[in-house]
$ cat input_4.txt   # compact mmCIF, C-alpha atoms
# COMPACT_ATOMS: atom_id res chain seq x y z
CA MET A 9 0.00 0.00 0.00
CA ARG A 10 1.44 3.37 -1.01
CA LEU A 11 0.57 6.85 -2.18
CA GLY A 12 1.70 7.27 -5.76
CA ALA A 13 1.52 9.61 -8.75
CA GLU A 14 -2.18 10.45 -8.23
CA PHE A 15 -1.47 11.70 -4.71
CA SER A 16 1.49 13.72 -5.98
CA ALA A 17 -0.79 15.32 -8.58
CA LEU A 18 -3.31 16.10 -5.86
CA ILE A 19 -0.70 17.81 -3.68
CA ASP A 20 0.71 19.75 -6.64
CA ARG A 21 -2.73 21.22 -7.33
CA PHE A 22 -2.88 22.84 -3.92
CA ASN A 23 0.71 23.05 -2.70
CA ALA A 24 3.23 22.91 -5.52
CA ASP A 25 5.74 24.99 -3.53
CA PHE A 26 8.37 22.56 -2.23
CA GLN A 27 9.28 25.04 0.53
CA ARG A 28 5.85 24.76 2.14
CA PRO A 29 5.07 21.76 4.36
CA ILE A 30 2.13 19.38 3.98
CA ALA A 31 -0.01 19.30 7.13
CA VAL A 32 -1.40 15.91 8.21
CA ALA A 33 -4.15 15.68 10.85
CA VAL A 34 -3.27 12.85 13.25
CA SER A 35 -5.51 11.84 16.14
CA GLY A 36 -3.86 8.53 16.95
CA GLY A 37 -6.69 6.43 15.52
CA SER A 38 -6.08 3.79 12.88
CA ASP A 39 -7.13 5.92 9.90
CA SER A 40 -4.93 8.89 10.72
CA LEU A 41 -1.93 6.77 11.74
CA ALA A 42 -2.11 4.84 8.48
CA LEU A 43 -2.33 8.15 6.64
CA LEU A 44 0.71 9.45 8.53
CA HIS A 45 2.81 6.41 7.59
CA LEU A 46 1.67 6.57 3.95
CA CYS A 47 2.43 10.30 3.74
CA HIS A 48 5.79 9.77 5.43
CA ALA A 49 6.85 7.18 2.83
CA TRP A 50 5.65 9.48 0.04
CA ALA A 51 7.42 12.53 1.50
CA GLN A 52 10.71 10.65 1.80
CA GLU A 53 10.45 9.57 -1.83
CA LYS A 54 9.52 13.07 -3.06
CA ASN A 55 11.71 15.00 -0.63
CA ARG A 56 8.72 16.89 0.75
CA ARG A 57 8.27 18.19 4.27
CA LEU A 58 5.45 17.03 6.55
CA ILE A 59 4.06 18.46 9.75
CA ALA A 60 1.71 16.34 11.85
CA LEU A 61 -0.96 18.23 13.77
CA THR A 62 -2.92 16.83 16.70
CA VAL A 63 -5.79 18.52 18.52
CA ASP A 64 -6.36 18.00 22.24
CA HIS A 65 -9.97 19.08 22.81
CA GLY A 66 -9.64 18.77 26.57
CA LEU A 67 -12.87 16.77 26.65
CA ARG A 68 -11.28 13.51 27.86
CA LEU A 69 -8.61 12.86 30.49
CA SER A 70 -6.81 10.47 28.13
CA ALA A 71 -6.55 13.00 25.28
CA ARG A 72 -3.20 14.41 26.38
CA ASP A 73 -1.68 10.92 26.71
CA GLU A 74 -2.93 10.10 23.20
CA ALA A 75 -1.34 13.28 21.84
CA ASP A 76 1.93 12.41 23.60
CA ARG A 77 1.92 8.96 21.96
CA VAL A 78 1.48 10.59 18.54
CA SER A 79 4.33 12.97 19.35
CA LYS A 80 6.66 10.08 20.23
CA LEU A 81 5.74 8.22 17.03
CA CYS A 82 6.45 11.34 14.95
CA ALA A 83 9.78 11.79 16.70
CA ALA A 84 10.71 8.21 15.82
CA LEU A 85 9.81 8.90 12.18
CA GLN A 86 11.56 12.30 12.27
CA ILE A 87 8.32 14.11 11.41
CA SER A 88 7.63 17.53 12.90
CA HIS A 89 4.67 17.36 15.26
CA GLN A 90 2.58 20.00 16.95
CA CYS A 91 -0.22 19.47 19.46
CA VAL A 92 -2.74 22.30 19.67
CA ARG A 93 -5.02 22.48 22.69
CA TRP A 94 -8.50 23.88 23.16
CA ASP A 95 -8.49 26.04 26.27
CA ALA A 96 -12.27 26.41 26.59
CA PRO A 97 -13.82 23.01 25.83
CA LYS A 98 -17.58 22.74 25.41
CA PRO A 99 -19.33 19.36 25.42
CA SER A 100 -20.85 19.48 21.94
CA GLN A 101 -19.66 17.94 18.70
CA ASN A 102 -20.34 21.08 16.66
CA ALA A 103 -18.35 23.26 19.05
CA ALA A 104 -15.51 20.73 19.13
CA ARG A 105 -15.46 20.48 15.33
CA HIS A 106 -15.32 24.27 14.90
CA ALA A 107 -12.58 24.59 17.53
CA ARG A 108 -10.60 21.76 15.94
CA TYR A 109 -10.59 23.40 12.52
CA GLN A 110 -9.90 26.82 14.02
CA LEU A 111 -6.87 25.56 15.92
CA LEU A 112 -5.57 23.61 12.92
CA ALA A 113 -5.99 26.64 10.64
CA LYS A 114 -3.95 28.79 13.02
CA ALA A 115 -1.20 26.18 13.21
CA MET A 116 -1.16 25.74 9.42
CA THR A 117 -0.92 29.48 8.84
CA GLU A 118 1.98 29.76 11.28
CA VAL A 119 4.04 27.08 9.50
CA GLY A 120 3.01 28.09 5.97
CA ALA A 121 1.00 24.97 5.05
CA SER A 122 -1.81 25.47 2.54
CA CYS A 123 -3.48 22.03 2.65
CA LEU A 124 -4.53 19.70 5.42
CA VAL A 125 -4.54 15.97 4.63
CA THR A 126 -7.05 13.95 6.65
CA GLY A 127 -7.72 10.22 7.04
CA HIS A 128 -11.38 9.96 6.01
CA THR A 129 -12.11 6.54 4.50
CA LEU A 130 -14.71 4.83 2.36
CA ASP A 131 -16.34 3.62 5.58
CA ASP A 132 -16.84 7.27 6.60
CA VAL A 133 -18.54 7.89 3.25
CA VAL A 134 -20.84 4.89 3.78
CA GLU A 135 -21.83 6.21 7.22
CA THR A 136 -22.45 9.69 5.83
CA VAL A 137 -24.60 8.34 3.01
CA PHE A 138 -26.66 6.37 5.52
CA MET A 139 -27.15 9.44 7.77
CA ARG A 140 -28.04 11.75 4.90
CA ARG A 141 -30.56 9.32 3.48
CA GLN A 142 -32.16 9.15 6.91
CA ARG A 143 -32.67 12.93 6.58
CA GLY A 144 -34.29 12.56 3.18
CA VAL A 145 -31.31 13.53 0.99
CA ARG A 146 -31.19 11.57 -2.27
CA GLY A 147 -28.91 11.28 -5.29
CA GLY A 148 -25.21 12.01 -5.61
CA MET A 149 -25.21 14.68 -2.91
CA THR A 150 -25.56 11.97 -0.27
CA ALA A 151 -21.97 10.94 -1.05
CA GLY A 152 -19.50 12.74 1.15
CA PRO A 153 -16.96 13.68 2.23
CA VAL A 154 -15.21 14.26 -1.10
CA LEU A 155 -11.59 14.27 -2.16
CA ALA A 156 -10.94 18.02 -1.88
CA THR A 157 -12.88 20.86 -0.28
CA PRO A 158 -12.17 24.44 0.73
CA TYR A 159 -11.43 24.69 4.44
CA PRO A 160 -14.75 24.36 6.30
CA ILE A 161 -14.53 27.50 8.45
CA TRP A 162 -14.24 31.04 7.15
CA PRO A 163 -12.36 33.37 7.17
CA ASP A 164 -9.90 31.40 9.34
CA GLY A 165 -9.49 28.99 6.45
CA TYR A 166 -8.68 31.58 3.79
CA ASN A 167 -6.49 29.92 1.11
CA LEU A 168 -6.54 26.56 2.94
CA THR A 169 -7.82 23.26 1.53
CA VAL A 170 -8.74 19.90 3.05
CA LEU A 171 -7.61 16.80 1.11
CA ARG A 172 -8.88 13.26 1.75
CA PRO A 173 -6.83 10.80 -0.33
CA LEU A 174 -8.19 7.71 1.49
CA ILE A 175 -11.92 8.13 0.74
CA GLY A 176 -11.77 5.15 -1.63
CA VAL A 177 -9.99 2.90 0.92
CA ARG A 178 -11.61 0.60 3.50
CA ARG A 179 -10.74 1.03 7.17
CA GLY A 180 -9.99 -2.69 7.43
CA ALA A 181 -7.31 -2.40 4.75
CA LEU A 182 -5.64 0.44 6.65
CA ARG A 183 -5.65 -1.57 9.86
CA SER A 184 -4.10 -4.53 8.08
CA TYR A 185 -1.42 -2.16 6.77
CA LEU A 186 -0.69 -0.97 10.32
CA ARG A 187 -0.60 -4.50 11.73
CA ALA A 188 1.93 -5.49 9.08
CA ARG A 189 4.09 -2.62 10.28
CA ARG A 190 3.43 -3.51 13.94
CA VAL A 191 1.89 -0.13 14.60
CA THR A 192 -0.76 0.06 17.31
CA TRP A 193 -3.52 2.64 17.25
CA MET A 194 -5.82 4.22 19.82
CA ASP A 195 -9.61 4.03 19.64
CA ASP A 196 -11.50 7.22 20.56
CA PRO A 197 -14.21 6.30 23.13
CA SER A 198 -16.56 8.84 21.51
CA ASN A 199 -16.72 6.52 18.48
CA GLU A 200 -18.70 4.14 20.68
CA ASN A 201 -20.81 6.76 22.48
CA ALA A 202 -24.43 6.13 21.48
CA LYS A 203 -25.41 9.76 22.00
CA PHE A 204 -23.58 10.59 18.75
CA GLU A 205 -25.32 9.72 15.49
CA ARG A 206 -22.22 8.52 13.69
CA ALA A 207 -21.34 6.21 16.57
CA ARG A 208 -24.83 4.69 16.42
CA VAL A 209 -24.54 4.16 12.67
CA ARG A 210 -21.09 2.61 13.05
CA ALA A 211 -22.41 0.25 15.71
CA PHE A 212 -25.34 -0.69 13.47
CA PHE A 213 -23.01 -1.66 10.63
CA ALA A 214 -20.80 -3.60 13.06
CA ARG A 215 -23.86 -5.69 13.90
CA HIS A 216 -24.79 -6.08 10.21
CA PRO A 217 -21.49 -6.54 8.30
CA LYS A 218 -23.17 -8.25 5.33
CA LEU A 219 -25.46 -5.25 4.84
CA HIS A 220 -22.42 -2.98 4.98
CA GLU A 221 -20.74 -5.01 2.23
CA ARG A 222 -23.85 -4.89 0.04
CA ILE A 223 -24.01 -1.11 0.37
CA ILE A 224 -20.43 -0.49 -0.80
CA PRO A 225 -21.09 -0.77 -4.60
CA SER A 226 -24.05 1.62 -4.42
CA VAL A 227 -22.01 4.10 -2.38
CA LYS A 228 -19.25 4.00 -5.01
CA ALA A 229 -21.91 4.66 -7.68
CA LEU A 230 -23.09 7.66 -5.62
CA GLN A 231 -19.50 8.90 -5.45
CA ASP A 232 -19.37 8.76 -9.26
CA ALA A 233 -22.67 10.63 -9.45
CA ARG A 234 -21.29 13.24 -7.06
CA VAL A 235 -18.32 13.77 -9.38
CA GLU A 236 -20.76 14.58 -12.23
CA LEU A 237 -22.76 16.96 -10.04
CA ASP A 238 -19.57 18.70 -8.93
CA ALA A 239 -18.40 19.06 -12.54
CA ALA A 240 -21.74 20.67 -13.45
CA LEU A 241 -21.46 23.11 -10.55
CA ALA A 242 -17.89 23.99 -11.55
CA ALA A 243 -19.14 24.74 -15.08
CA ASP A 244 -21.91 26.99 -13.70
CA LEU A 245 -19.43 28.87 -11.51
CA GLN A 246 -17.34 29.64 -14.59
CA HIS A 247 -20.10 31.98 -15.81
CA VAL A 248 -20.57 33.89 -12.53
CA LYS A 249 -19.35 37.51 -12.64
CA ILE A 250 -18.08 39.41 -9.60
CA ASP A 251 -17.77 43.20 -9.43
CA SER A 252 -15.00 44.79 -7.39
CA ASP A 253 -17.67 45.92 -4.89
CA GLY A 254 -18.67 42.29 -4.27
CA LEU A 255 -21.87 42.31 -6.31
CA ILE A 256 -22.49 38.90 -7.95
CA ALA A 257 -24.21 38.40 -11.32
CA VAL A 258 -25.50 34.89 -12.07
CA PRO A 259 -26.95 33.83 -15.45
CA HIS A 260 -29.97 31.52 -15.60
CA THR A 261 -29.13 27.85 -15.10
CA SER A 262 -31.17 24.67 -15.34
CA ASP A 263 -30.47 23.72 -11.69
CA PRO A 264 -29.96 26.89 -9.64
CA PHE A 265 -30.40 25.48 -6.15
CA ARG A 266 -26.87 24.33 -5.30
CA LEU A 267 -25.30 27.25 -7.16
CA LEU A 268 -27.40 29.86 -5.36
CA GLY A 269 -26.84 28.20 -2.00
CA LEU A 270 -23.09 28.36 -2.51
CA LEU A 271 -23.21 31.99 -3.67
CA SER A 272 -25.40 32.87 -0.70
CA ARG A 273 -22.56 31.62 1.50
CA PHE A 274 -19.96 33.65 -0.38
CA ALA A 275 -22.07 36.83 -0.61
CA GLY A 276 -22.86 36.60 3.10
CA GLY A 277 -19.20 36.12 4.03
CA GLY A 278 -19.93 32.87 5.88
CA ASP A 279 -19.12 29.18 5.69
CA ARG A 280 -22.53 27.45 5.51
CA ASP A 281 -25.10 27.13 2.74
CA PRO A 282 -28.79 27.63 3.54
CA ARG A 283 -31.00 24.56 3.52
CA ARG A 284 -32.13 23.45 0.09
CA SER A 285 -35.76 23.87 1.13
CA ALA A 286 -35.06 27.52 2.00
CA ILE A 287 -33.35 28.06 -1.36
CA ALA A 288 -36.29 26.45 -3.17
CA GLY A 289 -38.71 28.74 -1.34
CA MET A 290 -36.65 31.78 -2.26
CA VAL A 291 -36.42 30.80 -5.94
CA SER A 292 -40.18 30.31 -6.01
CA ALA A 293 -40.68 33.79 -4.52
CA LEU A 294 -38.37 35.27 -7.18
CA SER A 295 -40.57 34.17 -10.06
CA GLU A 296 -40.80 37.64 -11.64
CA PRO A 297 -37.93 39.92 -12.76
CA GLY A 298 -37.39 42.67 -10.21
CA ALA A 299 -38.48 40.56 -7.22
CA ARG A 300 -36.05 40.55 -4.30
CA GLN A 301 -35.56 38.23 -1.31
CA THR A 302 -33.00 37.82 1.49
CA LEU A 303 -31.46 34.52 2.55
CA GLY A 304 -28.40 33.53 4.55
CA GLY A 305 -27.18 37.10 5.03
CA ALA A 306 -27.48 37.92 1.32
CA TRP A 307 -30.11 39.52 -0.90
CA PHE A 308 -31.17 38.06 -4.25
CA GLN A 309 -32.84 39.91 -7.09
CA HIS A 310 -34.33 38.26 -10.16
CA THR A 311 -33.17 39.94 -13.37
CA ARG A 312 -34.00 39.22 -17.00
CA SER A 313 -30.67 37.46 -17.45
CA GLY A 314 -30.54 35.63 -14.10
CA PHE A 315 -29.89 36.89 -10.58
CA LEU A 316 -28.01 39.65 -8.78
CA ILE A 317 -26.69 38.75 -5.33
CA GLY A 318 -25.31 41.10 -2.69
CA ARG A 319 -24.69 41.32 1.03
CA ASP A 320 -27.66 42.08 3.26
CA PRO A 321 -26.43 45.35 4.88
CA ALA A 322 -28.51 44.69 8.00
CA THR A 323 -26.29 41.73 8.92
CA VAL A 324 -22.81 43.06 8.07
CA GLU A 325 -20.20 42.20 10.70
CA THR A 326 -17.48 44.81 11.14
CA ASP A 327 -14.12 44.43 12.83
CA LYS A 328 -12.03 47.53 12.20
CA GLN A 329 -8.86 45.81 13.42
CA SER A 330 -9.15 42.81 11.13
CA ALA A 331 -7.42 42.39 7.79
CA ILE A 332 -10.63 40.78 6.50
CA PHE A 333 -13.91 42.70 6.52
CA ASP A 334 -17.16 40.77 6.96
CA GLY A 335 -15.63 37.67 5.38
CA ARG A 336 -15.83 39.39 1.96
CA PHE A 337 -12.99 41.91 1.61
CA LYS A 338 -9.27 41.78 2.36
CA ARG A 339 -7.05 44.78 3.01
CA ASP A 340 -4.84 45.39 -0.01
CA PRO A 341 -2.77 48.57 -0.48
CA ALA A 342 -2.78 48.01 -4.26
CA ALA A 343 -6.58 47.69 -4.49
CA GLN A 344 -8.91 50.54 -5.38
CA LEU A 345 -12.45 49.91 -4.17
CA PRO A 346 -15.08 51.96 -6.05
CA ALA A 347 -16.34 55.01 -4.17
CA ALA A 348 -19.29 54.09 -1.94
CA ALA A 349 -21.22 57.09 -3.20
CA ASP A 350 -21.26 55.58 -6.71
CA ALA A 351 -22.82 52.29 -5.55
CA SER A 352 -26.50 51.49 -5.11
CA PHE A 353 -27.99 51.81 -1.62
CA LEU A 354 -27.78 48.09 -0.74
CA VAL A 355 -24.23 47.75 -2.01
CA ARG A 356 -23.03 51.02 -0.49
CA HIS A 357 -24.06 50.10 3.04
CA ALA A 358 -22.28 46.73 2.88
CA LEU A 359 -18.85 48.08 1.89
CA PRO A 360 -15.82 48.59 4.14
CA SER A 361 -14.64 52.16 4.73
CA GLY A 362 -11.68 53.32 2.69
CA PRO A 363 -10.52 52.40 -0.82
CA HIS A 364 -7.83 49.79 -0.18
CA TRP A 365 -9.87 46.60 -0.02
CA ARG A 366 -10.10 43.67 -2.43
CA GLU A 367 -13.14 41.42 -2.67
CA LEU A 368 -12.57 37.75 -1.78
CA ILE A 369 -15.54 36.17 -3.54
CA THR A 370 -13.51 35.69 -6.72
CA ASP A 371 -10.85 33.83 -4.74
CA ARG A 372 -13.44 31.63 -3.07
CA ILE A 373 -15.06 30.72 -6.38
CA ALA A 374 -11.69 29.91 -7.96
CA GLN A 375 -10.77 27.62 -5.07
CA MET A 376 -14.17 25.95 -5.12
CA ARG A 377 -13.92 25.30 -8.86
CA LEU A 378 -10.49 23.74 -8.37
CA CYS A 379 -11.81 21.48 -5.61
CA LEU A 380 -14.86 20.47 -7.63
CA SER A 381 -12.74 19.49 -10.62
CA THR A 382 -10.27 17.67 -8.33
CA SER A 383 -13.00 15.18 -7.38
CA GLN A 384 -12.44 13.60 -10.80
CA LEU A 385 -9.00 12.36 -9.73
CA ALA A 386 -8.80 8.70 -8.71
CA ILE A 387 -6.34 8.17 -5.88
CA ASP A 388 -5.06 4.60 -5.91
CA VAL A 389 -3.60 3.40 -2.63
$ encode --input "input_4.txt" --output "structure tokens"
Amino acid sequence: MRLGAEFSALIDRFNADFQRPIAVAVSGGSDSLALLHLCHAWAQEKNRRLIALTVDHGLRLSARDEADRVSKLCAALQISHQCVRWDAPKPSQNAARHARYQLLAKAMTEVGASCLVTGHTLDDVVETVFMRRQRGVRGGMTAGPVLATPYPIWPDGYNLTVLRPLIGVRRGALRSYLRARRVTWMDDPSNENAKFERARVRAFFARHPKLHERIIPSVKALQDARVELDAALAADLQHVKIDSDGLIAVPHTSDPFRLLGLLSRFAGGGDRDPRRSAIAGMVSALSEPGARQTLGGAWFQHTRSGFLIGRDPATVETDKQSAIFDGRFKRDPAAQLPAAADASFLVRHALPSGPHWRELITDRIAQMRLCLSTSQLAIDV
């Protein structure tokens, strides 16, 4: 088992600079330890630099010991390792997830890494498909996580990407790989805690292994369908126009729901799309040219050629000390933002003060298009 040319091509898409390290998220579980060993062998062959990052959420007494074991393993492999700790733990998965990505983003920025490689497997995809179908999601969008995505929190994750080269690999194969190398792993007790949905699904499949095996081919078919959906979205994004004041122009498309949800996120400066049902309701309300609706911190106006999208000025978040304004503009001495007085009322009241700001929506769309097209790569391990 090894990471080969396909993995090298994946890394080169997002971090071609040999001077910048590749960050690998390592918890000490079997998936992340197998990923660490695979990346280590690849890095030695390609003369690339790795940094292993471990998060101690402070939610379990054993977490620090687990992080120390990862640190000792990395020292033995001569891999740089950093443990980042959450100082204000809260007992919720959403809070822990956000803190984890926030801490990792800070560590990555400090060392100059632009991509985070994680150990998600095909078994994770199967579990996600099962959970999404339970919520009524159908079609290719049930398949996740995918090979490459923009960093899930914003703006902390500006210019950062998450890569998952093992999403086509079974967890059992990774554990066999570790056993052959006499590497022991640590099991997170939360993976068996029935109060968490994923733990319940994992336990269900453990009781019904034959069902799990029968599901695998259909999940792989859903992954292929997801690739086609992502390619279509990337093509739609190619025709989106962004003004320097952050105003978005979108031509008519046969399937606007995912596109408009994504652009709502970008126009609102956030990191989450509205629910599809909310987007469908908004599109229905925008049946006539000139109609306007707000959703997810953005306003939408139906035009004869498509839609205009801008920031809802009532929800703008300002931080005068920050280099990023409202998740939409970045300070740039070379930029020349149009005068606010020349903009329409809605646009004018959502702009930062001063001329030296550059909109970030174009950057976010470019990164998203690159990630969407990356899903077509097949990583053989």
$ atom_distance --input "input_4.txt" --atom1 "atom CA of Asp164 of chain A" --atom2 "atom CA of Ile30 of chain A"
17.8 Å
$ residues_around --input "input_4.txt" --residues "segment 218-225 of chain A" --least-positions-apart "3" --cutoff "10 Å" --atoms "only C-alpha atoms" --output "JSON list (two decimals) with C-alpha atoms, keeping the file's coordinate frame"
[["chain", "number", "residue", "atom", "x", "y", "z"],
["A", 130, "LEU", "CA", -14.71, 4.83, 2.36],
["A", 131, "ASP", "CA", -16.34, 3.62, 5.58],
["A", 133, "VAL", "CA", -18.54, 7.89, 3.25],
["A", 134, "VAL", "CA", -20.84, 4.89, 3.78],
["A", 135, "GLU", "CA", -21.83, 6.21, 7.22],
["A", 137, "VAL", "CA", -24.60, 8.34, 3.01],
["A", 138, "PHE", "CA", -26.66, 6.37, 5.52],
["A", 178, "ARG", "CA", -11.61, 0.60, 3.50],
["A", 210, "ARG", "CA", -21.09, 2.61, 13.05],
["A", 212, "PHE", "CA", -25.34, -0.69, 13.47],
["A", 213, "PHE", "CA", -23.01, -1.66, 10.63],
["A", 214, "ALA", "CA", -20.80, -3.60, 13.06],
["A", 215, "ARG", "CA", -23.86, -5.69, 13.90],
["A", 228, "LYS", "CA", -19.25, 4.00, -5.01],
["A", 229, "ALA", "CA", -21.91, 4.66, -7.68],
["A", 230, "LEU", "CA", -23.09, 7.66, -5.62],
["A", 231, "GLN", "CA", -19.50, 8.90, -5.45]]
$ residues_around --input "input_4.txt" --residues "Lys249 of chain A" --least-positions-apart "6" --cutoff "12 Å" --atoms "all atoms listed in the file" --output "list in words"
Leu255, Ile256, Ala257, Val258, Pro259, Leu271, Gly314, Phe315, Leu316, Ile317, Ile369, Thr370, Ile373 and Ala374 of chain A
$ closest_residue --input "input_4.txt" --among "A:Gly165, A:Gly305, A:Gly127, A:Gly147" --to "Gly276 of chain A" --atoms "all atoms listed in the file"
A:Gly305
$ closest_residue --input "input_4.txt" --among "A:Leu303, A:Leu359, A:Pro158, A:His65" --to "Thr326 of chain A" --atoms "all atoms listed in the file"
A:Leu359
$ atom_distance --input "input_4.txt" --atom1 "atom CA of Pro282 of chain A" --atom2 "atom CA of Ala358 of chain A"
20.2 Å
$ closest_residue --input "input_4.txt" --among "A:Trp94, A:Ala51, A:Ala239, A:Val125" --to "Thr382 of chain A" --atoms "only C-alpha atoms"
A:Ala239
$ closest_residue --input "input_4.txt" --among "A:Asp340, A:Lys203, A:Trp307, A:Gly278" --to "Ser100 of chain A" --atoms "all atoms listed in the file"
A:Lys203
$ closest_residue --input "input_4.txt" --among "A:Ile19, A:Val119, A:Ala242, A:Ala275" --to "Leu171 of chain A" --atoms "all atoms listed in the file"
A:Ile19
$ atom_distance --input "input_4.txt" --atom1 "atom CA of Trp193 of chain A" --atom2 "atom CA of Ala107 of chain A"
23.7 Å
$ closest_residue --input "input_4.txt" --among "A:Ala60, A:Ala188, A:Ala156, A:Ile161" --to "Gln110 of chain A" --atoms "all atoms listed in the file"
A:Ile161
